[in-house]
>>> print(open('run.csv').read())   # CSV, C-alpha atoms
chain,number,residue,atom,x,y,z
A,836,MET,CA,0.0,0.0,0.0
A,837,ILE,CA,1.2,3.5,-0.8
A,838,SER,CA,2.2,5.4,2.3
A,839,LEU,CA,1.8,9.1,2.8
A,840,ALA,CA,3.2,11.0,5.8
A,841,LEU,CA,1.9,14.1,7.4
A,842,ALA,CA,4.7,16.5,8.3
A,843,GLY,CA,5.0,20.0,9.8
A,844,LYS,CA,5.6,21.9,12.9
A,845,PRO,CA,3.3,21.4,16.0
A,846,ASN,CA,-0.2,22.9,15.9
A,847,ALA,CA,-0.3,23.2,12.1
A,848,GLY,CA,-3.2,20.8,12.0
A,849,LYS,CA,-1.6,17.4,11.1
A,850,SER,CA,-3.6,15.4,13.6
A,851,THR,CA,-6.9,17.1,12.6
A,852,PHE,CA,-6.0,16.3,8.9
A,853,TYR,CA,-5.3,12.7,10.0
A,854,ARG,CA,-8.5,12.4,11.9
A,855,ALA,CA,-10.6,13.9,9.1
A,856,ALA,CA,-8.9,11.7,6.4
A,857,THR,CA,-9.2,8.4,8.4
A,858,MET,CA,-12.0,9.1,10.9
A,859,ALA,CA,-9.7,7.5,13.5
A,860,ASP,CA,-9.9,8.6,17.1
A,861,VAL,CA,-6.7,10.5,17.8
A,862,GLU,CA,-5.8,13.2,20.3
A,863,VAL,CA,-6.0,16.7,19.0
A,864,GLY,CA,-4.8,19.6,21.1
A,865,ASN,CA,-3.5,23.2,20.9
A,866,TYR,CA,-0.1,22.5,22.3
A,867,PRO,CA,3.2,21.1,21.0
A,868,PHE,CA,3.7,17.4,20.6
A,869,THR,CA,0.0,16.4,21.0
A,870,THR,CA,1.2,13.3,18.9
A,871,ILE,CA,3.9,11.4,20.6
A,872,ASP,CA,3.7,7.9,19.2
A,873,PRO,CA,3.1,7.8,15.4
A,874,ASN,CA,-0.5,7.1,14.2
A,875,ARG,CA,-0.9,4.8,11.2
A,876,GLY,CA,-4.3,4.6,9.5
A,877,VAL,CA,-6.0,4.0,6.2
A,878,SER,CA,-7.3,6.9,4.1
A,879,HIS,CA,-8.3,6.9,0.4
A,880,VAL,CA,-7.6,8.6,-2.9
A,881,ARG,CA,-10.5,9.3,-5.1
A,882,THR,CA,-11.0,8.5,-8.8
A,883,GLU,CA,-13.8,7.7,-11.3
A,884,CYS,CA,-14.9,4.1,-11.1
A,885,PRO,CA,-15.2,2.2,-14.4
A,886,CYS,CA,-18.7,1.1,-13.4
A,887,LEU,CA,-19.9,4.5,-14.7
A,888,ASP,CA,-19.5,3.0,-18.1
A,889,ARG,CA,-21.9,0.1,-17.2
A,890,ASP,CA,-25.6,-0.1,-16.7
A,891,ARG,CA,-25.2,-0.6,-12.9
A,892,ARG,CA,-22.8,0.4,-10.2
A,893,CYS,CA,-20.2,-2.0,-8.9
A,894,ASP,CA,-20.2,-4.1,-5.8
A,895,SER,CA,-17.2,-2.6,-4.0
A,896,ASP,CA,-17.7,-1.0,-0.6
A,897,ASP,CA,-15.2,1.6,-1.8
A,898,CYS,CA,-17.4,2.9,-4.6
A,899,ARG,CA,-20.1,5.5,-3.9
A,900,GLU,CA,-22.2,5.9,-7.0
A,901,GLY,CA,-19.1,5.9,-9.3
A,902,LYS,CA,-16.8,7.7,-6.9
A,903,ARG,CA,-14.1,5.2,-6.3
A,904,TYR,CA,-12.0,5.4,-3.2
A,905,VAL,CA,-8.7,3.5,-3.2
A,906,PRO,CA,-6.9,2.7,0.1
A,907,VAL,CA,-3.6,4.3,1.0
A,908,GLU,CA,-1.7,4.4,4.3
A,909,LEU,CA,-1.6,7.7,6.2
A,910,LEU,CA,1.1,8.3,8.8
A,911,ASP,CA,0.9,11.1,11.4
A,912,VAL,CA,3.9,11.6,13.7
A,913,ALA,CA,5.2,14.2,16.1
A,914,GLY,CA,5.5,17.8,15.0
A,915,LEU,CA,8.9,19.0,13.8
A,916,VAL,CA,10.8,22.0,15.4
A,917,PRO,CA,14.0,23.7,14.2
A,918,GLY,CA,17.0,21.6,15.0
A,919,ALA,CA,15.0,18.3,14.7
A,920,HIS,CA,17.9,16.7,12.7
A,921,GLU,CA,20.0,17.2,15.9
A,922,GLY,CA,17.3,15.5,18.0
A,923,ARG,CA,15.4,18.6,19.2
A,924,GLY,CA,11.8,17.8,20.2
A,925,LEU,CA,11.0,14.4,18.8
A,926,GLY,CA,13.0,15.0,15.7
A,927,ASN,CA,14.9,11.8,15.3
A,928,GLN,CA,11.8,9.7,15.9
A,929,PHE,CA,9.9,11.8,13.4
A,930,LEU,CA,12.6,11.6,10.7
A,931,ASP,CA,13.1,7.9,11.2
A,932,GLU,CA,9.4,7.3,10.6
A,933,LEU,CA,9.5,9.3,7.3
A,934,THR,CA,11.8,6.7,5.7
A,935,THR,CA,8.8,4.5,5.2
A,936,ALA,CA,6.7,7.1,3.3
A,937,ASP,CA,6.4,7.4,-0.4
A,938,ALA,CA,5.4,11.1,-0.3
A,939,ILE,CA,5.0,13.8,2.3
A,940,LEU,CA,2.1,16.1,2.9
A,941,HIS,CA,3.6,19.2,4.5
A,942,VAL,CA,0.9,20.7,6.6
A,943,VAL,CA,1.5,24.5,7.0
A,944,ASP,CA,-0.5,26.8,9.2
A,945,ALA,CA,-1.6,29.3,6.5
A,946,SER,CA,-3.3,31.5,9.1
A,947,GLY,CA,0.1,32.5,10.5
A,948,GLY,CA,-1.3,31.8,14.0
A,949,THR,CA,1.6,29.7,15.2
A,950,ASN,CA,5.3,30.7,15.4
A,951,ALA,CA,8.3,28.7,14.1
A,952,GLU,CA,8.2,26.5,17.2
A,953,GLY,CA,4.5,25.8,16.8
A,954,GLU,CA,3.4,27.9,19.7
A,955,PRO,CA,0.1,29.9,19.3
A,956,VAL,CA,0.4,33.5,18.4
A,957,GLU,CA,-2.1,36.0,16.9
A,958,VAL,CA,-3.4,35.1,13.5
A,959,GLY,CA,-1.2,36.7,10.9
A,960,GLU,CA,1.7,37.3,13.3
A,961,HIS,CA,3.9,34.6,11.7
A,962,ASP,CA,4.6,34.4,8.0
A,963,PRO,CA,3.8,30.8,6.8
A,964,VAL,CA,6.1,31.3,3.8
A,965,GLU,CA,9.0,31.0,6.3
A,966,ASP,CA,7.8,27.4,7.1
A,967,LEU,CA,8.0,26.1,3.5
A,968,ALA,CA,11.6,25.1,3.4
A,969,PHE,CA,11.6,23.8,6.9
A,970,ILE,CA,10.8,20.2,6.3
A,971,GLU,CA,13.2,20.0,3.3
A,972,THR,CA,16.0,21.6,5.3
A,973,GLU,CA,15.6,19.3,8.3
A,974,MET,CA,15.4,16.2,6.2
A,975,ASP,CA,18.4,17.2,4.1
A,976,ARG,CA,20.5,17.8,7.2
A,977,TRP,CA,19.3,14.5,8.8
A,978,LEU,CA,20.2,12.5,5.7
A,979,ALA,CA,23.6,14.3,5.3
A,980,GLY,CA,24.3,13.4,8.9
A,981,ILE,CA,23.5,9.7,8.2
A,982,VAL,CA,25.9,9.8,5.2
A,983,ALA,CA,28.6,11.5,7.3
A,984,ASP,CA,28.2,8.9,10.1
A,985,ASN,CA,28.7,6.1,7.6
A,986,TRP,CA,31.4,7.7,5.6
A,987,GLU,CA,34.3,6.1,7.5
A,988,GLY,CA,33.0,2.7,6.5
A,989,VAL,CA,32.8,3.7,2.8
A,990,GLU,CA,36.4,4.9,3.0
A,991,ARG,CA,37.5,1.6,4.4
A,992,GLN,CA,35.7,-0.3,1.6
A,993,SER,CA,37.5,1.9,-0.9
A,994,ARG,CA,40.8,0.2,0.0
A,995,SER,CA,39.5,-3.0,-1.6
A,996,PRO,CA,40.6,-3.5,-5.3
A,997,ASP,CA,37.1,-4.3,-6.5
A,998,PHE,CA,35.6,-1.3,-4.7
A,999,ASP,CA,32.7,0.4,-6.5
A,1000,ILE,CA,31.5,3.7,-5.0
A,1001,ASP,CA,28.1,3.5,-6.7
A,1002,GLU,CA,27.5,0.1,-5.0
A,1003,ALA,CA,28.7,1.4,-1.6
A,1004,LEU,CA,26.4,4.4,-1.8
A,1005,THR,CA,23.5,2.3,-2.9
A,1006,GLU,CA,24.0,-0.1,0.0
A,1007,MET,CA,24.1,2.9,2.4
A,1008,LEU,CA,21.1,4.8,1.1
A,1009,THR,CA,18.7,1.9,0.6
A,1010,GLY,CA,18.7,1.8,4.4
A,1011,VAL,CA,16.9,5.2,4.6
A,1012,GLY,CA,14.0,4.4,2.3
A,1013,ALA,CA,15.6,4.8,-1.2
A,1014,THR,CA,15.4,2.0,-3.7
A,1015,ALA,CA,18.4,0.9,-5.8
A,1016,ALA,CA,16.7,2.5,-8.8
A,1017,ASP,CA,16.3,5.8,-6.9
A,1018,VAL,CA,20.0,5.8,-5.9
A,1019,GLY,CA,21.1,5.0,-9.4
A,1020,ALA,CA,19.0,7.9,-10.9
A,1021,VAL,CA,20.5,10.3,-8.3
A,1022,LEU,CA,24.0,9.2,-9.0
A,1023,ARG,CA,23.6,9.7,-12.7
A,1024,ALA,CA,22.3,13.3,-12.1
A,1025,VAL,CA,24.9,14.4,-9.5
A,1026,ASP,CA,28.6,15.0,-10.1
A,1027,TYR,CA,30.8,13.5,-7.3
A,1028,PRO,CA,34.4,12.4,-6.8
A,1029,SER,CA,35.0,8.7,-7.5
A,1030,ASP,CA,37.4,8.5,-4.5
A,1031,PRO,CA,35.5,8.7,-1.1
A,1032,ARG,CA,38.5,10.3,0.5
A,1033,GLU,CA,38.0,13.3,-1.8
A,1034,TRP,CA,34.5,14.0,-0.7
A,1035,GLY,CA,33.8,17.0,1.4
A,1036,GLU,CA,30.8,18.1,3.5
A,1037,GLU,CA,29.2,19.9,0.6
A,1038,ASP,CA,29.4,16.7,-1.6
A,1039,ARG,CA,27.5,14.8,1.1
A,1040,ARG,CA,24.9,17.5,1.5
A,1041,ARG,CA,24.3,17.7,-2.2
A,1042,LEU,CA,23.8,13.9,-2.4
A,1043,ALA,CA,21.5,13.9,0.6
A,1044,SER,CA,19.3,16.7,-0.9
A,1045,ALA,CA,19.1,14.9,-4.3
A,1046,VAL,CA,18.1,11.6,-2.6
A,1047,ARG,CA,15.4,13.4,-0.4
A,1048,GLU,CA,14.0,15.3,-3.4
A,1049,ARG,CA,13.6,12.1,-5.4
A,1050,THR,CA,12.4,9.7,-2.7
A,1051,LYS,CA,10.3,12.1,-0.5
A,1052,PRO,CA,8.4,14.4,-2.9
A,1053,ILE,CA,6.3,17.0,-1.1
A,1054,VAL,CA,2.8,18.5,-1.4
A,1055,VAL,CA,2.2,21.6,0.7
A,1056,VAL,CA,-1.2,21.6,2.5
A,1057,ALA,CA,-2.1,25.2,3.3
A,1058,ASN,CA,-4.3,24.4,6.3
A,1059,LYS,CA,-6.6,26.8,8.1
A,1060,ALA,CA,-7.2,28.5,4.7
A,1061,ASP,CA,-10.5,29.6,6.0
A,1062,VAL,CA,-8.8,32.1,8.4
A,1063,ALA,CA,-5.7,32.8,6.4
A,1064,PRO,CA,-5.0,36.6,5.8
A,1065,GLU,CA,-5.8,37.9,2.4
A,1066,GLY,CA,-3.1,37.0,-0.2
A,1067,THR,CA,-1.4,34.4,2.0
A,1068,ILE,CA,-2.4,31.4,-0.3
A,1069,ASP,CA,-1.1,33.3,-3.4
A,1070,ARG,CA,2.2,34.0,-1.7
A,1071,LEU,CA,2.6,30.3,-0.7
A,1072,ARG,CA,1.9,29.3,-4.3
A,1073,GLU,CA,4.6,31.7,-5.5
A,1074,HIS,CA,7.2,29.9,-3.3
A,1075,ALA,CA,6.1,26.2,-3.6
A,1076,GLU,CA,5.3,24.1,-6.7
A,1077,ARG,CA,2.2,22.3,-5.3
A,1078,VAL,CA,0.1,24.1,-2.7
A,1079,ILE,CA,-3.4,22.9,-1.8
A,1080,PRO,CA,-5.6,25.3,0.3
A,1081,ALA,CA,-7.4,23.3,3.0
A,1082,THR,CA,-9.5,23.3,6.1
A,1083,ALA,CA,-9.0,20.1,8.0
A,1084,GLU,CA,-11.5,21.2,10.7
A,1085,GLY,CA,-14.1,21.8,8.0
A,1086,GLU,CA,-13.6,18.3,6.5
A,1087,LEU,CA,-13.8,16.7,9.9
A,1088,ALA,CA,-17.1,18.6,10.6
A,1089,LEU,CA,-18.5,17.5,7.3
A,1090,ARG,CA,-17.6,13.8,7.8
A,1091,ARG,CA,-19.1,13.8,11.3
A,1092,ALA,CA,-22.3,15.5,10.0
A,1093,ALA,CA,-22.5,12.9,7.1
A,1094,GLU,CA,-22.1,10.1,9.6
A,1095,ALA,CA,-24.9,11.5,11.7
A,1096,GLY,CA,-27.2,11.7,8.6
A,1097,LEU,CA,-27.3,15.5,8.7
A,1098,VAL,CA,-25.7,16.1,5.4
A,1099,GLU,CA,-25.0,14.3,2.1
A,1100,TYR,CA,-21.3,14.5,1.4
A,1101,ASP,CA,-18.6,12.3,0.0
A,1102,PRO,CA,-14.9,13.2,0.5
A,1103,GLY,CA,-13.7,15.3,-2.4
A,1104,ASP,CA,-17.1,16.7,-3.3
A,1105,HIS,CA,-17.2,20.4,-4.1
A,1106,ASP,CA,-20.4,21.0,-2.0
A,1107,PHE,CA,-22.8,19.2,0.4
A,1108,ALA,CA,-26.5,19.1,0.9
A,1109,VAL,CA,-28.2,19.5,4.3
A,1110,VAL,CA,-30.7,16.6,4.8
A,1111,GLY,CA,-31.2,16.6,8.6
A,1112,GLY,CA,-32.2,19.0,11.3
A,1113,LEU,CA,-29.2,21.3,12.2
A,1114,SER,CA,-29.0,23.5,15.2
A,1115,ASP,CA,-28.4,27.2,14.5
A,1116,GLN,CA,-24.7,26.8,15.6
A,1117,GLN,CA,-24.2,23.7,13.3
A,1118,GLU,CA,-25.8,25.5,10.4
A,1119,GLN,CA,-23.6,28.6,10.9
A,1120,GLY,CA,-20.5,26.4,11.1
A,1121,LEU,CA,-21.2,24.4,8.0
A,1122,GLU,CA,-22.1,27.5,6.0
A,1123,GLN,CA,-18.6,28.8,6.8
A,1124,VAL,CA,-17.2,25.6,5.5
A,1125,ARG,CA,-19.3,25.9,2.4
A,1126,GLU,CA,-17.8,29.4,1.8
A,1127,VAL,CA,-14.3,27.9,1.8
A,1128,MET,CA,-15.4,25.1,-0.5
A,1129,GLU,CA,-16.9,27.5,-3.0
A,1130,ARG,CA,-13.6,29.5,-3.0
A,1131,TYR,CA,-11.2,26.5,-3.3
A,1132,GLY,CA,-13.4,23.8,-4.9
A,1133,GLY,CA,-13.6,21.7,-1.7
A,1134,THR,CA,-12.1,21.4,1.7
A,1135,GLY,CA,-8.7,20.5,0.2
A,1136,ILE,CA,-8.2,17.3,2.2
A,1137,GLN,CA,-9.1,14.9,-0.5
A,1138,ALA,CA,-7.4,17.1,-3.1
A,1139,ALA,CA,-4.1,16.9,-1.2
A,1140,LEU,CA,-4.2,13.1,-1.0
A,1141,ASP,CA,-5.1,12.8,-4.7
A,1142,THR,CA,-2.4,15.2,-5.7
A,1143,ALA,CA,0.2,13.3,-3.8
A,1144,VAL,CA,-0.7,9.9,-5.3
A,1145,TYR,CA,-1.9,10.7,-8.8
A,1146,ASP,CA,0.3,13.7,-9.6
A,1147,LEU,CA,3.4,13.6,-7.4
A,1148,LEU,CA,3.8,9.8,-7.4
A,1149,ASP,CA,2.3,9.4,-10.9
A,1150,ARG,CA,0.1,6.5,-10.1
A,1151,ILE,CA,-2.8,5.0,-12.1
A,1152,THR,CA,-5.7,2.9,-10.9
A,1153,VAL,CA,-6.2,-0.5,-12.5
A,1154,TYR,CA,-8.9,-3.1,-11.8
A,1155,PRO,CA,-8.2,-6.8,-12.1
A,1156,VAL,CA,-11.2,-9.1,-13.0
A,1157,GLU,CA,-11.7,-12.8,-13.7
A,1158,ASN,CA,-14.6,-12.4,-16.1
A,1159,GLU,CA,-13.8,-9.9,-18.9
A,1160,THR,CA,-17.4,-9.7,-20.0
A,1161,ARG,CA,-19.1,-9.0,-16.7
A,1162,TRP,CA,-16.1,-7.4,-15.0
A,1163,THR,CA,-16.4,-9.7,-12.0
A,1164,ASP,CA,-14.3,-11.8,-9.8
A,1165,GLY,CA,-14.7,-15.5,-9.0
A,1166,GLN,CA,-17.6,-14.8,-6.7
A,1167,GLY,CA,-19.5,-12.7,-9.2
A,1168,ARG,CA,-18.7,-9.3,-7.6
A,1169,MET,CA,-18.2,-6.5,-10.0
A,1170,LEU,CA,-14.9,-4.6,-9.8
A,1171,PRO,CA,-14.2,-5.6,-6.2
A,1172,ASP,CA,-10.5,-4.6,-6.3
A,1173,ALA,CA,-8.4,-1.6,-7.4
A,1174,HIS,CA,-4.6,-1.3,-7.5
A,1175,LEU,CA,-2.5,1.8,-7.6
A,1176,LEU,CA,0.4,1.1,-10.1
A,1177,PRO,CA,3.2,3.4,-11.4
A,1178,SER,CA,2.5,5.1,-14.7
A,1179,GLY,CA,3.9,2.9,-17.4
A,1180,ALA,CA,3.0,-0.4,-15.6
A,1181,THR,CA,2.3,-3.4,-17.7
A,1182,PRO,CA,-0.1,-6.5,-17.2
A,1183,PRO,CA,2.7,-8.5,-15.5
A,1184,ASP,CA,3.1,-5.7,-13.0
A,1185,LEU,CA,-0.6,-5.9,-12.2
A,1186,ALA,CA,-0.3,-9.7,-11.9
A,1187,TYR,CA,2.4,-9.3,-9.3
A,1188,ALA,CA,0.4,-6.6,-7.5
A,1189,VAL,CA,-2.5,-9.1,-7.2
A,1190,HIS,CA,-0.3,-11.9,-5.8
A,1191,SER,CA,3.3,-13.0,-6.4
A,1192,ASP,CA,2.1,-16.4,-7.4
A,1193,ILE,CA,-0.1,-14.9,-10.1
A,1194,GLY,CA,2.8,-12.9,-11.4
A,1195,GLU,CA,5.2,-15.8,-11.5
A,1196,GLY,CA,2.7,-17.9,-13.5
A,1197,TYR,CA,1.6,-15.0,-15.8
A,1198,LEU,CA,0.5,-16.2,-19.2
A,1199,TYR,CA,-1.4,-13.3,-20.9
A,1200,ALA,CA,-3.9,-10.5,-20.2
A,1201,VAL,CA,-7.2,-9.3,-21.7
A,1202,ASP,CA,-8.2,-5.6,-21.9
A,1203,ALA,CA,-11.8,-6.0,-20.7
A,1204,ARG,CA,-12.9,-2.6,-21.9
A,1205,ARG,CA,-11.9,-3.4,-25.5
A,1206,ASP,CA,-12.3,-7.2,-25.3
A,1207,ARG,CA,-8.9,-7.9,-26.7
A,1208,GLN,CA,-5.7,-9.6,-25.6
A,1209,VAL,CA,-2.8,-7.3,-24.9
A,1210,GLY,CA,0.9,-8.0,-24.9
A,1211,GLU,CA,3.0,-8.2,-21.7
A,1212,ASP,CA,4.7,-4.9,-22.7
A,1213,HIS,CA,1.4,-3.1,-23.1
A,1214,GLU,CA,1.3,0.1,-20.9
A,1215,LEU,CA,-1.8,0.2,-18.7
A,1216,SER,CA,-3.8,3.4,-18.3
A,1217,GLU,CA,-6.0,5.0,-15.6
A,1218,GLY,CA,-9.2,3.1,-15.2
A,1219,ASP,CA,-8.2,0.0,-17.2
A,1220,VAL,CA,-10.1,-3.2,-16.4
A,1221,ILE,CA,-7.8,-6.2,-17.0
A,1222,LYS,CA,-8.2,-10.0,-16.9
A,1223,VAL,CA,-4.9,-11.7,-16.0
A,1224,VAL,CA,-4.5,-15.3,-17.0
A,1225,SER,CA,-2.0,-17.2,-14.9
A,1226,ALA,CA,-0.8,-20.8,-14.7
A,1227,ASN,CA,-1.0,-20.5,-10.9
>>> encode(input="run.csv", output="structure tokens")
Amino acid sequence: MISLALAGKPNAGKSTFYRAATMADVEVGNYPFTTIDPNRGVSHVRTECPCLDRDRRCDSDDCREGKRYVPVELLDVAGLVPGAHEGRGLGNQFLDELTTADAILHVVDASGGTNAEGEPVEVGEHDPVEDLAFIETEMDRWLAGIVADNWEGVERQSRSPDFDIDEALTEMLTGVGATAADVGAVLRAVDYPSDPREWGEEDRRRLASAVRERTKPIVVVANKADVAPEGTIDRLREHAERVIPATAEGELALRRAAEAGLVEYDPGDHDFAVVGGLSDQQEQGLEQVREVMERYGGTGIQAALDTAVYDLLDRITVYPVENETRWTDGQGRMLPDAHLLPSGATPPDLAYAVHSDIGEGYLYAVDARRDRQVGEDHELSEGDVIKVVSAN
């Protein structure tokens, strides 16, 4: 399962985001380090279900009238403070946990109501633009420290006649969440001395930054957008590539109201409908959420998750079936499963995603939408429905 991590300073709204996105019962408080032990839960990304092209909706519990929700892991750990790479706050624990994440959602307090340490201040008193480089800087320094701590061992290895610096660096960096392919791509893009004894601190920092940029891409979640001073979101967008305005509290309020039968709302919808009796206070609160949704096209929580998976990680959703005519599995359920695969994935990749035995026995695949057999080098696309035929 793809893993996304919520990062940011204390009180930016990470735990509220987590609670809204997973509906898990976690502690939320207006003080630093509300989260001590990391929370791991399941959230979902949203896409269009292929059942919209059929005369009935599918049988998956993750489909709501053609809105398909695909599970991803969401990780919420302690807030980060300046100097985290040196162990300040709960920095080392936080950074260690990040090695398992495929992408990072950097939750920023767009209201400017918390200072650099995450302590409450007046709204607008702190400039959230100053927080943007915070996570990247701490992660770069942390990774550079790991490289430096292991460098003596690399230098010792270099005395061997069959020493290969690329292999040595790959062995080191795969221990912090990078794959061999990631390290290979980084080393091809970065100039560096072939002799480890010629490396300086700047070389190690440059390597660490390149590895972090490739293996831990970041989406900025401009939380508390509903109370952000005018122009703040625009300035954040000027300084970061991907910024999603959001109100985690608004999303949480909507999900609770939907559970109580007071509103009709699915995560990622641009609006909601009131269907139950609301108190004056509830109505006033939800109307404020509606104003934010009208301005930004939703609460931003689902948009942030979708941007991380479908844009940043470049994933596609593919649906394996056993019956290519009815689009069903062996029990007759229509489109029960969905897999998030890298763009460019092929039918054998889908087979392995379903089960390693299916992959090892792969014979051929059928494109169920077009009712034709496809080759093993055929590139799959978003929304493909595929029958995999395997010897196992």
>>> residues_around(input="run.csv", residues="region 1182-1192 of chain A", least_positions_apart="5", cutoff="8 Å", atoms="all atoms listed in the file", output="PyMOL selection string")
chain A and resi 1153+1155+1174+1176+1197+1199-1200+1210-1215+1221+1223+1227
>>> atom_distance(input="run.csv", atom1="CA of Ala1093 (chain A)", atom2="CA of Asp1172 (chain A)")
25.1 Å
>>> atom_distance(input="run.csv", atom1="CA of Ser993 (chain A)", atom2="CA of Glu1033 (chain A)")
11.4 Å
>>> residues_near_point(input="run.csv", point="(1.7, 18.9, -1.3)", cutoff="12 Å", atoms="only C-alpha atoms", output="PyMOL selection string")
chain A and resi 839-843+938-943+967+970+1051-1058+1071-1072+1075-1081+1135-1148
>>> atom_distance(input="run.csv", atom1="CA of Glu1157 (chain A)", atom2="CA of Asp1202 (chain A)")
11.5 Å
>>> residues_near_point(input="run.csv", point="(-21.2, -10.4, -17.5)", cutoff="12 Å", atoms="all atoms listed in the file", output="PyMOL selection string")
chain A and resi 889-891+1156-1165+1167-1170+1203
>>> closest_atom_pairs(input="run.csv", of="region 1012-1108 of chain A", to="region 846-858 of chain A", cutoff="8 Å", atoms="only C-alpha atoms", output="Markdown table")
| residue | atom | partner | partner_atom | distance |
| --- | --- | --- | --- | --- |
| A:Asn1058 | CA | A:Gly848 | CA | 6.8 |
| A:Lys1059 | CA | A:Gly848 | CA | 7.9 |
| A:Ala1083 | CA | A:Phe852 | CA | 4.9 |
| A:Glu1084 | CA | A:Thr851 | CA | 6.4 |
| A:Glu1086 | CA | A:Ala855 | CA | 5.9 |
| A:Leu1087 | CA | A:Ala855 | CA | 4.3 |
| A:Arg1090 | CA | A:Ala855 | CA | 7.1 |
>>> residues_around(input="run.csv", residues="Arg875 (chain A)", least_positions_apart="4", cutoff="8 Å", atoms="only C-alpha atoms", output="PyMOL selection string")
chain A and resi 908-911
